[in-house]
Every structure is written in structure tokens, then in C-alpha cells.
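Structure first, commentary second.
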Amino acid sequence: MAVDVEKLIRPHLTDIQTYDPVDPPELLAKRAGIAPDKVVKLNGNENPYGGSPKAAAAVANTPLHIYPDPLQRSMRRALSEYTGMDQDSIVVGAGSDELIDLLFRLFIDHGDKILDFEPTFGMYGFCARVAGGEISYVPRDELFDIDVEAAGDAVDDRTKIIFLSSPNNPTGNLASNDQVKALLETGRIVVVDEAYFEFCGQTAADLVPDNENLVILRTMSKWAGLAGLRVGYGIMNPGIAKHMMDIKSPYNVNVAAESALIASLEDAAALLENVEKIVDERVRMFSLLQEMDGVTPWPSWGNFILCQFAPGRAGVVYEDLASRGVFVRNFGSQRLQDSFRVAVGTPDETDAFIAALREVI
Ligand SMILES: Cc1ncc(COP(=O)(O)O)c(C=O)c1O
């Protein structure tokens, strides 16, 4: 039967501005006309050392025919030990992306607002569009620092959530805990997205017990190399955590991700050695970029570096790198049109990126 399905779709979703995701290596290789193992993939802030072998072994030994524990008991216990926070203040999601989405489901009605410090991670704006929410953009200053006063001024009756990525993806800079405290004073939900916590060691998690409106987001995708399994967690007031647990889909984190998370936390010392290697490599890559003419690297506390070029150059450099099999992340926004973000990979990947960049510029 012919039905005009478009008419049945919620109007704000029929022509939504989508999230711009990164493509898989096979596709990138095909596009560049090279073998997949020749791809230098530095566009997803993934961990070049992969996950823990113990996580892989745990996944291999996980029975796949049984549903996961909807109350996430063993994951919450393990994360409580890792973070030092109470189990009932922890919620685990299929990536921190799912937790961002759950926060929208919990707090944002049609026409409610979120506050977004631009430029920043695209998921906050994307989820707002899906939820039919509005976005108040508070621009970051010339050093990409946030303006808490402007944020306070932008908050109104419909503002429910303030999103703050720290370190900020893609600019790499941190927000201070004083800035977080000032945002908490607005009385709105303040989400501090600490996806890159292990690469910088700075956290606002200690503020959770005294601030009912604070939510910290973390992920196993970056430091623990589990991006493909999709597992992240939030730390928040147990009241909010209870609501998040109540509305999530019952078996949201699959058994493989559950096993891998627990095994990774048991192997945290080894994984944090990889984090140290990545941080050392970030320092080396930054100074190599600093020595080059034609590119300005921004200091970063994450596992990536934002690289800025002369007006009009970034797109050309991006395409030239891609044709050489080196993939970085570009952005459509006006503010970042002359920049791209490069993930910190292995020393060999840095060398390949730098060599290609030298040839291109
Ligand atoms: C700031 C920030 N938050 C969240 C995420 C998503 O993490 P996950 O893989 O846990 O969904 C990313 C991924 O790049 C990120 O940069």
C-alpha cells in the first residue's frame, strides 16, 4: 500500500541536520585507492594501541545468549572502585553518546533549551535537534575559553542543561573547576563531559556530592580503547542516576561491552601506560607542528590536536592528506573552517602524518 510516511514523521525530524560521523577505514582506503592497512586513520580520536588483551579475552569467554544485567551491578561496582564514587551515583551507557541522549530524554521537552559553548562536540547540538530542543550558542573566546558571565546571561526560564566538554573536543583546552562552580550557580543541569579525563587528569567529579545539578560524563572509548564496543558512564547525584536508570532501555549495555569494561578496569595500570605513551606523543607531535611553517597547533589536553591554517588553506590540505591516505577531521562551522583536528596516534603514524603534511604545505 502506498502511504505518505513522511507525513507521519514528527515534523522537526523530517529534514534534520544530521551528525557528521567518521567513515570506517575500508571506505577511506577505497576512496584514497590504497590498501586498508596503509590508511593512517587520525580522524576519530581512537586509541592507536587498541583495547586491553584481557578485555578481548573476557569478551571471547562471555556467553552471548543471556541478557545483560539491567541494573548494571558488576559494572557499577567496578566503576565505583575505579572512580571512588558511590555505585548509586553511576550510570553506564552504550557509549557516553547514549548518556547524552538519555539526559535529553530526561530533561528536554519540545522548546526547552540547552546551552552550548561553540565550537564544541557536535553531539550536544545534534541531540537537541532530535529532541526538538533549542540551542543557545555561547561562543568561546579567541583562545577557545568559555565565558561564564555570557553563559549566565544566556540562561532563561527554558534553559535546562549546560554542556561543557573539558578538555574541549576539538579545541583541546580545559575549563577550570571555578568555571564549573560558576555554571552550577545558574541552577541548571551542568554536564561536564570528561571523555578525555585520563589524558589530562583534571576532573570536576569531586564536586558531585555537593552539587545535585552536576553530571560528569566519561567514556571507555578513548583511554581504554573500547570505542567499537560502545561503553561510557556518568557520575551524578543518585537522584538523577535513578531517573536515568528508570528511563534507559533495560539492556542498554551489551554483555561483551560489560565484560570488556570490567576486564579493562582490572587492567587499568597497563592501559594507563598506553595513555602515557599517547601523552608523550602529543607533546612530540605538537613541537613538530610548531616547527612547521603554515600551520598553528593549539595546545591540547586530549588525545588530539587542533591545527589551524591560513584562510582558505585547511580544506585543500585536508583533501591532499586524504589522497595520500592520511585522514584527519575537518569541520563545517565558520569558526573552524580554517582548521582540522588530528588524533595522536603511534610514533609511526605521527611521522607519516608529519611527512605528508610537509609535502602538502
Ligand atoms: C567530548 C566527547 N564526548 C563524548 C564522546 C563520545 O564518546 P563515546 O564513544 O563514549 O560515545 C566523544 C567522542 O569523540 C567526545 O569527544
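For the C-alpha cells, the naming scheme is as follows: chains receive sequential letters (A, B, ...) according to their order of presentation, residues are indexed from 1 within each chain, and ligands are indexed from 1 in presentation order.
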Between chain A and ligand 1, at 6 Å or less, what are the per-residue closest atom pairs and their distances in Å? Count only C-alpha atoms and all ligand atoms, order by chain and rising residue number, and return it as JSON lines.
{"residue": "A:Gly95", "atom": "CA", "partner": "ligand 1", "partner_atom_place_in_ligand_line": "10 (O)", "distance": 3.4}
{"residue": "A:Ser96", "atom": "CA", "partner": "ligand 1", "partner_atom_place_in_ligand_line": "10 (O)", "distance": 3.7}
{"residue": "A:Asp97", "atom": "CA", "partner": "ligand 1", "partner_atom_place_in_ligand_line": "11 (O)", "distance": 3.8}
{"residue": "A:Phe121", "atom": "CA", "partner": "ligand 1", "partner_atom_place_in_ligand_line": "1 (C)", "distance": 5.4}
{"residue": "A:Ser165", "atom": "CA", "partner": "ligand 1", "partner_atom_place_in_ligand_line": "1 (C)", "distance": 5.2}
{"residue": "A:Asn169", "atom": "CA", "partner": "ligand 1", "partner_atom_place_in_ligand_line": "1 (C)", "distance": 5.1}
{"residue": "A:Asp193", "atom": "CA", "partner": "ligand 1", "partner_atom_place_in_ligand_line": "3 (N)", "distance": 5.7}
{"residue": "A:Ala195", "atom": "CA", "partner": "ligand 1", "partner_atom_place_in_ligand_line": "3 (N)", "distance": 5.0}
{"residue": "A:Thr219", "atom": "CA", "partner": "ligand 1", "partner_atom_place_in_ligand_line": "10 (O)", "distance": 4.3}
{"residue": "A:Ser221", "atom": "CA", "partner": "ligand 1", "partner_atom_place_in_ligand_line": "9 (O)", "distance": 4.8}
{"residue": "A:Ala227", "atom": "CA", "partner": "ligand 1", "partner_atom_place_in_ligand_line": "9 (O)", "distance": 5.2}
{"residue": "A:Arg230", "atom": "CA", "partner": "ligand 1", "partner_atom_place_in_ligand_line": "9 (O)", "distance": 5.8}
{"residue": "A:Val231", "atom": "CA", "partner": "ligand 1", "partner_atom_place_in_ligand_line": "10 (O)", "distance": 5.7}
{"residue": "A:Gly232", "atom": "CA", "partner": "ligand 1", "partner_atom_place_in_ligand_line": "10 (O)", "distance": 4.6}
Q.
For the strand (DSSP E or B) assignment from backbone DSSP, which residues of range 139-268 of chain A qualify? Please present them as a ChimeraX atom specification.
A. /A:139,159-165,189-193,214-219,232-236
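Once Thr186 in chain A and its same-chain neighbours fewer than 3 positions away are set aside, A:Leu115, A:Val148, A:Glu149, A:Ala150, A:Ala151, A:Gly152, A:Asp153, A:Ala154, A:Val155, A:Asp156, A:Asp157, A:Thr159, A:Lys160, A:Ile161, A:Ile162, A:Gln179, A:Val180, A:Lys181, A:Ala182, A:Leu183, A:Ile189, A:Val190, A:Asn211, A:Asn213, A:Leu214 remain within 12 Å of it when counting only C-alpha atoms.
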Q) Can you tell me, as a PyMOL selection string, what residues are no more than 9 Å from Ala128 in chain A when counting only C-alpha atoms, ignoring any on the same chain fewer than 4 positions away? A) chain A and resi 101+104+108+112-114+123-124+132-135
Q: Quick one: everything within 9 Å of Pro70 in chain A, counting only C-alpha atoms, minus sequence neighbours fewer than 6 positions away in the same chain. Send it as a PyMOL selection string.
A: chain A and resi 245+249-253
Q: Run DSSP on the backbone and grab whatever in range 137-300 of chain A lands in helix (DSSP H, G or I); send it over as a PyMOL selection string.
A: chain A and resi 148-154+177-184+197-200+205-210+238-247+255-266+268-291
Q) Using only C-alpha atoms, which residue out of A:Arg140, A:Arg284, A:Arg341, A:Arg324 lies closest to Arg31 in chain A? A)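 Going through A:Arg140, A:Arg284, A:Arg341, A:Arg324 one by one, the smallest distance to Arg31 in chain A is for A:Arg324.
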(Q) One number please: CA of Ala355 in chain A to CA of Ala35 in chain A, in Å, one decimal. (A)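 Between CA of Ala355 in chain A and CA of Ala35 in chain A the gap is 19.0 Å.
Among the candidates A:Tyr19, A:Thr346, A:His243, A:Leu164, the one nearest to Arg105 in chain A when counting only C-alpha atoms is A:His243.
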